[in-house]
Amino acid sequence: MRPPSVDSLARSLAGTGLPHPLLVDIAREAIAAGDVEGAGDRADALRRSLLQPVINATGVLLHTNLGRAPLAWQQAAQPTNLELDLATGKRGSRTDHAGRLLARACGAEAALVVNNNAAAVLLVLAALAHGREVAVSRGESVEIGGSFRVPEVMEQSGARLVDVGTTNRTRVGDYRRAVERAGADVAVLLKVHPSNYRIEGFTEDVDVASLATVGVPVVVDLGSGLLDAACPWLPEGPPAWLAGEPAARQALEAGAGLVTFSGDKLLGGPQAGIIAGRADLVATCAAHPLARALRPGGLVLGALQDVALTYLRRDGLALPFWRMATAPVSELQARAAAVVAVLEPAVAAGLGITIVLTEAVPGAGSLPGRTIASAGLALSGDRLSELRAGPGLPVIARVHEGRTWLDLRSVDPGDDEALAAALTALTGRSPSAAPQSGEG
């Protein structure tokens, strides 16, 4: 039997919602492979490979594979004063808006925004230490996600790495000796927060206040983006799981010249890198040619400005990350019960569904080893691939002890109805009604 024409097969796939040029490519591939009947599956596979919303039921709040901090931001399709000073009518700086607010929020003299924290570290080293030496503890010469290695970033910046101390123990005297040996050639003391691992046992490191006595500018790569250890934006103050996490305000107060951190981790904003601290050092970074190459776009800056204003209003619960991270376990249990309640008894029984207590984690390399008490649902067996491939929003879960666990701490309450629909779809039925937990 003769295969259909490419055009007719492509037109038959129009219901997928994909643009016609992509459907033509799929039709050609299917015909060439002798798989005309599978063209629809090919189109669905392509559609599902595109960026789309998912339900994060992993219990990892800042899941790197799922975009880290969830954030809604909408901007009108209008020009903005991105690089215009409205007071003078002259050209301004695109990072002044969000940068000024972030500096105020963490107690810095000034701040500069780039496109991620790796870029922030690279720019700081290139601007302050190109052709000179940077002292780093051997215990902080780390690799984090995406093969970001401190020695390699140092090399790309043009600075020279000087290892001090040992892997498990570094003292302030180690930094002093490095400076004495190199004299004025040590431009920066770099302290790196080992955010994705811990060294325990016979260990010692040097705090920022002690480093500040050495007489060389101290740069602290905080990574995770906690603005203030006191968390004045939360009604109940800092949660217990944040204990000991270094914060921008306290690092600057202790004598750091600059701090760098991410926008999409504990800050709860869009992907960005923030450099904050002394005005002269920030200005040096802003004047470096790399600053233009690493600058973010207007949409990111608009979202980051909104996040900064939220912190200054001390309204942290307006940010999705902090709402999810601080929700009481009782609220999560009530939501779990509400999801179960809308399932038909036969569906719940068939899934072997139960309400469980779980442990969520901050994620994205923040607070390694720390957990947050949580609650959710558990299903019999491994249903991960079915939940990802369901007809509605893909649900990303995890398997634990032979069961599929859905941790509600990382699920937005607005997605509970879609979660119930996804569970029902596992059995081929339809949910009876939307979950009504009665919780905010």
# chains A, B, ... in the order shown; residues from 1 in each chain; ligands from 1
>>> residues_around(residues="range 291-293 of chain A", least_positions_apart="6", cutoff="12 Å", atoms="only C-alpha atoms", output="PDB file with N, CA and C atoms, in the first residue's frame")
ATOM      1  N   SER A  93      21.822  52.615  33.928  1.00  0.00           N
ATOM      2  CA  SER A  93      22.299  51.244  33.998  1.00  0.00           C
ATOM      3  C   SER A  93      21.124  50.303  34.191  1.00  0.00           C
ATOM      4  N   ARG A  94      21.133  49.204  33.441  1.00  0.00           N
ATOM      5  CA  ARG A  94      20.017  48.274  33.539  1.00  0.00           C
ATOM      6  C   ARG A  94      19.951  47.553  34.879  1.00  0.00           C
ATOM      7  N   THR A  95      21.066  47.478  35.588  1.00  0.00           N
ATOM      8  CA  THR A  95      21.022  46.754  36.857  1.00  0.00           C
ATOM      9  C   THR A  95      20.833  47.665  38.064  1.00  0.00           C
ATOM     10  N   LEU A 112      25.242  44.404  41.919  1.00  0.00           N
ATOM     11  CA  LEU A 112      25.235  44.254  40.471  1.00  0.00           C
ATOM     12  C   LEU A 112      24.604  42.901  40.149  1.00  0.00           C
ATOM     13  N   VAL A 113      23.782  42.856  39.100  1.00  0.00           N
ATOM     14  CA  VAL A 113      23.102  41.621  38.714  1.00  0.00           C
ATOM     15  C   VAL A 113      23.690  41.095  37.408  1.00  0.00           C
ATOM     16  N   VAL A 114      24.010  39.790  37.394  1.00  0.00           N
ATOM     17  CA  VAL A 114      24.440  39.113  36.165  1.00  0.00           C
ATOM     18  C   VAL A 114      23.533  37.901  35.965  1.00  0.00           C
ATOM     19  N   ASN A 115      23.868  37.029  34.990  1.00  0.00           N
ATOM     20  CA  ASN A 115      22.876  36.024  34.620  1.00  0.00           C
ATOM     21  C   ASN A 115      22.854  34.762  35.477  1.00  0.00           C
ATOM     22  N   ASN A 116      23.869  34.470  36.255  1.00  0.00           N
ATOM     23  CA  ASN A 116      23.802  33.402  37.256  1.00  0.00           C
ATOM     24  C   ASN A 116      24.986  33.545  38.208  1.00  0.00           C
ATOM     25  N   ALA A 119      28.501  33.113  36.826  1.00  0.00           N
ATOM     26  CA  ALA A 119      28.938  34.329  36.136  1.00  0.00           C
ATOM     27  C   ALA A 119      29.374  35.385  37.135  1.00  0.00           C
ATOM     28  N   ALA A 120      28.690  35.459  38.275  1.00  0.00           N
ATOM     29  CA  ALA A 120      29.059  36.437  39.294  1.00  0.00           C
ATOM     30  C   ALA A 120      30.475  36.171  39.807  1.00  0.00           C
ATOM     31  N   VAL A 121      30.785  34.902  40.096  1.00  0.00           N
ATOM     32  CA  VAL A 121      32.122  34.556  40.581  1.00  0.00           C
ATOM     33  C   VAL A 121      33.169  34.837  39.504  1.00  0.00           C
ATOM     34  N   LEU A 122      32.871  34.442  38.272  1.00  0.00           N
ATOM     35  CA  LEU A 122      33.801  34.674  37.170  1.00  0.00           C
ATOM     36  C   LEU A 122      34.092  36.162  36.999  1.00  0.00           C
ATOM     37  N   LEU A 123      33.052  36.986  37.034  1.00  0.00           N
ATOM     38  CA  LEU A 123      33.233  38.424  36.842  1.00  0.00           C
ATOM     39  C   LEU A 123      34.035  39.035  37.979  1.00  0.00           C
ATOM     40  N   VAL A 124      33.745  38.660  39.200  1.00  0.00           N
ATOM     41  CA  VAL A 124      34.479  39.202  40.347  1.00  0.00           C
ATOM     42  C   VAL A 124      35.962  38.873  40.241  1.00  0.00           C
ATOM     43  N   LEU A 125      36.281  37.628  39.917  1.00  0.00           N
ATOM     44  CA  LEU A 125      37.687  37.237  39.833  1.00  0.00           C
ATOM     45  C   LEU A 125      38.384  37.921  38.667  1.00  0.00           C
ATOM     46  N   ALA A 126      37.687  38.025  37.524  1.00  0.00           N
ATOM     47  CA  ALA A 126      38.295  38.682  36.363  1.00  0.00           C
ATOM     48  C   ALA A 126      38.528  40.159  36.629  1.00  0.00           C
ATOM     49  N   ALA A 127      37.583  40.805  37.312  1.00  0.00           N
ATOM     50  CA  ALA A 127      37.684  42.247  37.547  1.00  0.00           C
ATOM     51  C   ALA A 127      38.681  42.599  38.647  1.00  0.00           C
ATOM     52  N   GLY A 273      22.581  36.030  39.038  1.00  0.00           N
ATOM     53  CA  GLY A 273      23.680  36.057  39.984  1.00  0.00           C
ATOM     54  C   GLY A 273      23.799  37.459  40.539  1.00  0.00           C
ATOM     55  N   ILE A 274      23.977  37.572  41.839  1.00  0.00           N
ATOM     56  CA  ILE A 274      24.052  38.898  42.475  1.00  0.00           C
ATOM     57  C   ILE A 274      25.432  39.072  43.097  1.00  0.00           C
ATOM     58  N   ILE A 275      26.042  40.208  42.817  1.00  0.00           N
ATOM     59  CA  ILE A 275      27.302  40.629  43.426  1.00  0.00           C
ATOM     60  C   ILE A 275      26.971  41.827  44.302  1.00  0.00           C
ATOM     61  N   VAL A 282      32.112  46.804  43.610  1.00  0.00           N
ATOM     62  CA  VAL A 282      31.006  46.557  42.684  1.00  0.00           C
ATOM     63  C   VAL A 282      31.204  47.374  41.409  1.00  0.00           C
ATOM     64  N   ALA A 283      31.642  48.625  41.564  1.00  0.00           N
ATOM     65  CA  ALA A 283      31.868  49.486  40.396  1.00  0.00           C
ATOM     66  C   ALA A 283      32.974  48.920  39.501  1.00  0.00           C
ATOM     67  N   THR A 284      34.013  48.361  40.102  1.00  0.00           N
ATOM     68  CA  THR A 284      35.083  47.744  39.320  1.00  0.00           C
ATOM     69  C   THR A 284      34.540  46.567  38.507  1.00  0.00           C
ATOM     70  N   CYS A 285      33.686  45.786  39.117  1.00  0.00           N
ATOM     71  CA  CYS A 285      33.075  44.663  38.403  1.00  0.00           C
ATOM     72  C   CYS A 285      32.178  45.165  37.267  1.00  0.00           C
TER      73      CYS A 285
END
>>> residues_around(residues="range 390-403 of chain A", least_positions_apart="6", cutoff="9 Å", atoms="only C-alpha atoms", output="mmCIF file with N, CA and C atoms, in the first residue's frame")
data_model
loop_
_atom_site.group_PDB
_atom_site.id
_atom_site.type_symbol
_atom_site.label_atom_id
_atom_site.label_comp_id
_atom_site.auth_asym_id
_atom_site.auth_seq_id
_atom_site.Cartn_x
_atom_site.Cartn_y
_atom_site.Cartn_z
ATOM 1 N N GLN A 52 7.475 22.985 29.427
ATOM 2 C CA GLN A 52 6.073 23.015 29.826
ATOM 3 C C GLN A 52 5.978 22.926 31.344
ATOM 4 N N PRO A 53 4.830 23.305 31.916
ATOM 5 C CA PRO A 53 4.667 23.180 33.369
ATOM 6 C C PRO A 53 4.617 21.714 33.781
ATOM 7 N N VAL A 54 5.129 21.429 34.970
ATOM 8 C CA VAL A 54 5.019 20.102 35.569
ATOM 9 C C VAL A 54 4.648 20.278 37.037
ATOM 10 N N ILE A 55 4.219 19.196 37.638
ATOM 11 C CA ILE A 55 3.964 19.185 39.082
ATOM 12 C C ILE A 55 5.163 18.548 39.759
ATOM 13 N N ASN A 56 5.801 19.295 40.636
ATOM 14 C CA ASN A 56 6.977 18.804 41.350
ATOM 15 C C ASN A 56 6.528 18.157 42.652
ATOM 16 N N ALA A 57 6.412 16.832 42.639
ATOM 17 C CA ALA A 57 6.017 16.103 43.842
ATOM 18 C C ALA A 57 7.191 15.321 44.413
ATOM 19 N N THR A 58 8.405 15.762 44.114
ATOM 20 C CA THR A 58 9.610 15.054 44.570
ATOM 21 C C THR A 58 9.952 15.349 46.021
ATOM 22 N N GLY A 59 9.459 16.472 46.550
ATOM 23 C CA GLY A 59 9.887 16.895 47.878
ATOM 24 C C GLY A 59 11.181 17.688 47.856
ATOM 25 N N ALA A 378 1.461 8.097 49.127
ATOM 26 C CA ALA A 378 2.274 7.004 48.611
ATOM 27 C C ALA A 378 1.374 6.040 47.859
ATOM 28 N N LEU A 379 1.849 5.574 46.714
ATOM 29 C CA LEU A 379 1.121 4.619 45.881
ATOM 30 C C LEU A 379 1.902 3.314 45.813
ATOM 31 N N SER A 380 1.216 2.233 45.550
ATOM 32 C CA SER A 380 1.886 0.950 45.402
ATOM 33 C C SER A 380 2.727 0.926 44.137
ATOM 34 N N GLY A 381 3.920 0.379 44.225
ATOM 35 C CA GLY A 381 4.756 0.170 43.060
ATOM 36 C C GLY A 381 5.396 1.421 42.504
ATOM 37 N N ASP A 382 6.068 1.241 41.384
ATOM 38 C CA ASP A 382 6.758 2.337 40.685
ATOM 39 C C ASP A 382 5.847 2.856 39.581
ATOM 40 N N ARG A 383 5.287 4.059 39.780
ATOM 41 C CA ARG A 383 4.382 4.652 38.782
ATOM 42 C C ARG A 383 4.991 5.910 38.159
ATOM 43 N N LEU A 384 6.320 6.069 38.270
ATOM 44 C CA LEU A 384 6.950 7.311 37.835
ATOM 45 C C LEU A 384 6.717 7.604 36.359
ATOM 46 N N ALA A 418 -5.135 19.074 39.746
ATOM 47 C CA ALA A 418 -4.458 18.397 38.636
ATOM 48 C C ALA A 418 -3.774 17.120 39.116
ATOM 49 N N LEU A 419 -3.284 17.132 40.354
ATOM 50 C CA LEU A 419 -2.656 15.933 40.906
ATOM 51 C C LEU A 419 -3.685 14.823 41.071
ATOM 52 N N ALA A 421 -6.380 14.486 39.341
ATOM 53 C CA ALA A 421 -6.713 14.020 37.993
ATOM 54 C C ALA A 421 -5.648 13.069 37.472
ATOM 55 N N ALA A 422 -4.377 13.360 37.758
ATOM 56 C CA ALA A 422 -3.294 12.496 37.301
ATOM 57 C C ALA A 422 -3.363 11.130 37.972
ATOM 58 N N LEU A 423 -3.717 11.111 39.247
ATOM 59 C CA LEU A 423 -3.851 9.831 39.954
ATOM 60 C C LEU A 423 -5.006 9.024 39.385
ATOM 61 N N ALA A 425 -6.168 9.211 36.396
ATOM 62 C CA ALA A 425 -5.819 8.780 35.043
ATOM 63 C C ALA A 425 -5.013 7.488 35.049
ATOM 64 N N LEU A 426 -4.353 7.183 36.156
ATOM 65 C CA LEU A 426 -3.605 5.933 36.246
ATOM 66 C C LEU A 426 -4.523 4.724 36.141
#
>>> residues_around(residues="Leu299 in chain A", least_positions_apart="4", cutoff="10 Å", atoms="only C-alpha atoms", output="PDB file with C-alpha atoms, in the first residue's frame")
ATOM      1  CA  TRP A  73       6.068  37.036  36.606  1.00  0.00           C
ATOM      2  CA  GLN A  74       4.096  38.951  34.006  1.00  0.00           C
ATOM      3  CA  GLN A  75       5.192  42.127  32.263  1.00  0.00           C
ATOM      4  CA  LEU A  82      15.555  49.605  31.392  1.00  0.00           C
ATOM      5  CA  PRO A 270      14.526  34.064  38.724  1.00  0.00           C
ATOM      6  CA  ALA A 303      11.077  39.786  38.077  1.00  0.00           C
ATOM      7  CA  LEU A 304      14.095  40.280  40.343  1.00  0.00           C
ATOM      8  CA  GLN A 305      13.026  43.830  41.166  1.00  0.00           C
TER       9      GLN A 305
END
>>> residues_around(residues="His193 in chain A", least_positions_apart="6", cutoff="12 Å", atoms="only C-alpha atoms", output="VMD selection string")
chain A and resid 136 to 137 139 to 144 150 199 205 to 208 219 to 226 244 to 248 251 259 to 261 365 to 368
>>> write_last_selection(atoms="C-alpha atoms", output="PDB file, in the first residue's frame")
ATOM      1  CA  VAL A 136      41.233  29.596  48.571  1.00  0.00           C
ATOM      2  CA  SER A 137      41.088  26.916  51.244  1.00  0.00           C
ATOM      3  CA  GLY A 139      38.479  22.368  51.542  1.00  0.00           C
ATOM      4  CA  GLU A 140      36.566  24.952  49.503  1.00  0.00           C
ATOM      5  CA  SER A 141      38.117  24.289  46.087  1.00  0.00           C
ATOM      6  CA  VAL A 142      34.947  22.508  45.086  1.00  0.00           C
ATOM      7  CA  GLU A 143      32.926  21.280  42.142  1.00  0.00           C
ATOM      8  CA  ILE A 144      29.182  21.896  42.172  1.00  0.00           C
ATOM      9  CA  VAL A 150      36.459  26.642  41.352  1.00  0.00           C
ATOM     10  CA  ILE A 199      32.944  17.509  55.733  1.00  0.00           C
ATOM     11  CA  ASP A 205      37.626  26.472  58.700  1.00  0.00           C
ATOM     12  CA  VAL A 206      38.017  30.230  58.925  1.00  0.00           C
ATOM     13  CA  ASP A 207      35.084  32.552  59.427  1.00  0.00           C
ATOM     14  CA  VAL A 208      34.624  35.778  57.503  1.00  0.00           C
ATOM     15  CA  VAL A 219      34.925  37.678  48.585  1.00  0.00           C
ATOM     16  CA  VAL A 220      32.364  35.176  49.863  1.00  0.00           C
ATOM     17  CA  ASP A 221      30.581  32.951  47.371  1.00  0.00           C
ATOM     18  CA  LEU A 222      27.413  32.171  49.331  1.00  0.00           C
ATOM     19  CA  GLY A 223      25.722  30.401  46.462  1.00  0.00           C
ATOM     20  CA  SER A 224      22.345  29.692  48.010  1.00  0.00           C
ATOM     21  CA  GLY A 225      21.092  33.278  48.261  1.00  0.00           C
ATOM     22  CA  LEU A 226      19.907  33.720  51.849  1.00  0.00           C
ATOM     23  CA  GLY A 244      23.898  27.807  60.351  1.00  0.00           C
ATOM     24  CA  GLU A 245      23.275  28.729  56.708  1.00  0.00           C
ATOM     25  CA  PRO A 246      25.524  31.707  55.838  1.00  0.00           C
ATOM     26  CA  ALA A 247      23.680  34.833  54.758  1.00  0.00           C
ATOM     27  CA  ALA A 248      24.618  37.916  52.770  1.00  0.00           C
ATOM     28  CA  ALA A 251      28.840  38.062  55.808  1.00  0.00           C
ATOM     29  CA  VAL A 259      29.304  38.433  48.432  1.00  0.00           C
ATOM     30  CA  THR A 260      27.924  36.527  45.456  1.00  0.00           C
ATOM     31  CA  PHE A 261      24.776  34.412  45.388  1.00  0.00           C
ATOM     32  CA  GLY A 365      22.830  22.333  46.602  1.00  0.00           C
ATOM     33  CA  SER A 366      21.409  24.356  49.484  1.00  0.00           C
ATOM     34  CA  LEU A 367      21.752  23.010  53.038  1.00  0.00           C
ATOM     35  CA  PRO A 368      23.087  19.505  52.267  1.00  0.00           C
TER      36      PRO A 368
END
>>> atom_distance(atom1="CA of Leu101 in chain A", atom2="CA of Leu309 in chain A")
6.9 Å
>>> residues_around(residues="Ala348 in chain A", least_positions_apart="6", cutoff="10 Å", atoms="only C-alpha atoms", output="JSON, numbers by chain")
{"A": [340, 341, 342, 354, 379, 423, 424, 427]}
>>> residues_around(residues="Ala43 in chain A", least_positions_apart="6", cutoff="8 Å", atoms="only C-alpha atoms", output="PDB file with N, CA and C atoms, in the first residue's frame")
ATOM      1  N   LEU A  13      -2.081  15.581  11.596  1.00  0.00           N
ATOM      2  CA  LEU A  13      -1.540  15.742  12.954  1.00  0.00           C
ATOM      3  C   LEU A  13      -1.791  17.127  13.526  1.00  0.00           C
ATOM      4  N   THR A  16      -2.445  18.131  17.290  1.00  0.00           N
ATOM      5  CA  THR A  16      -1.417  18.131  18.332  1.00  0.00           C
ATOM      6  C   THR A  16      -1.064  19.539  18.783  1.00  0.00           C
ATOM      7  N   LEU A  18       1.089  21.465  17.290  1.00  0.00           N
ATOM      8  CA  LEU A  18       2.436  21.830  16.864  1.00  0.00           C
ATOM      9  C   LEU A  18       2.381  22.613  15.554  1.00  0.00           C
ATOM     10  N   LEU A  23       5.367  19.478  12.006  1.00  0.00           N
ATOM     11  CA  LEU A  23       4.583  18.305  11.621  1.00  0.00           C
ATOM     12  C   LEU A  23       5.073  17.738  10.288  1.00  0.00           C
ATOM     13  N   ILE A  26       8.030  15.634  11.101  1.00  0.00           N
ATOM     14  CA  ILE A  26       7.605  14.364  11.714  1.00  0.00           C
ATOM     15  C   ILE A  26       7.043  13.429  10.654  1.00  0.00           C
TER      16      ILE A  26
END
>>> closest_atom_pairs(of="range 194-278 of chain A", to="range 173-188 of chain A", cutoff="12 Å", atoms="only C-alpha atoms", output="Markdown table")
| residue | atom | partner | partner_atom | distance |
| --- | --- | --- | --- | --- |
| A:Glu204 | CA | A:Asp174 | CA | 11.9 |
| A:Asp205 | CA | A:Asp174 | CA | 10.5 |
| A:Val206 | CA | A:Tyr175 | CA | 9.4 |
| A:Asp207 | CA | A:Tyr175 | CA | 11.9 |
| A:Ser210 | CA | A:Gly173 | CA | 9.8 |
| A:Leu211 | CA | A:Tyr175 | CA | 7.8 |
| A:Ala212 | CA | A:Tyr175 | CA | 10.7 |
| A:Thr213 | CA | A:Arg176 | CA | 9.3 |
| A:Val214 | CA | A:Arg176 | CA | 6.1 |
| A:Gly215 | CA | A:Arg176 | CA | 9.0 |
| A:Val216 | CA | A:Val188 | CA | 5.9 |
| A:Pro217 | CA | A:Val188 | CA | 5.2 |
| A:Val218 | CA | A:Val188 | CA | 5.9 |
| A:Val219 | CA | A:Val188 | CA | 6.8 |
| A:Val220 | CA | A:Val188 | CA | 10.1 |
| A:Ala256 | CA | A:Val188 | CA | 10.6 |
| A:Gly257 | CA | A:Val188 | CA | 9.5 |
| A:Leu258 | CA | A:Val188 | CA | 10.2 |
>>> closest_residue(among="A:Gly255, A:Gly297, A:Pro328, A:Pro320", to="Gly107 in chain A", atoms="only C-alpha atoms")
A:Gly255
>>> closest_residue(among="A:Leu343, A:Leu266, A:Ala118, A:Leu71", to="Leu294 in chain A", atoms="only C-alpha atoms")
A:Ala118
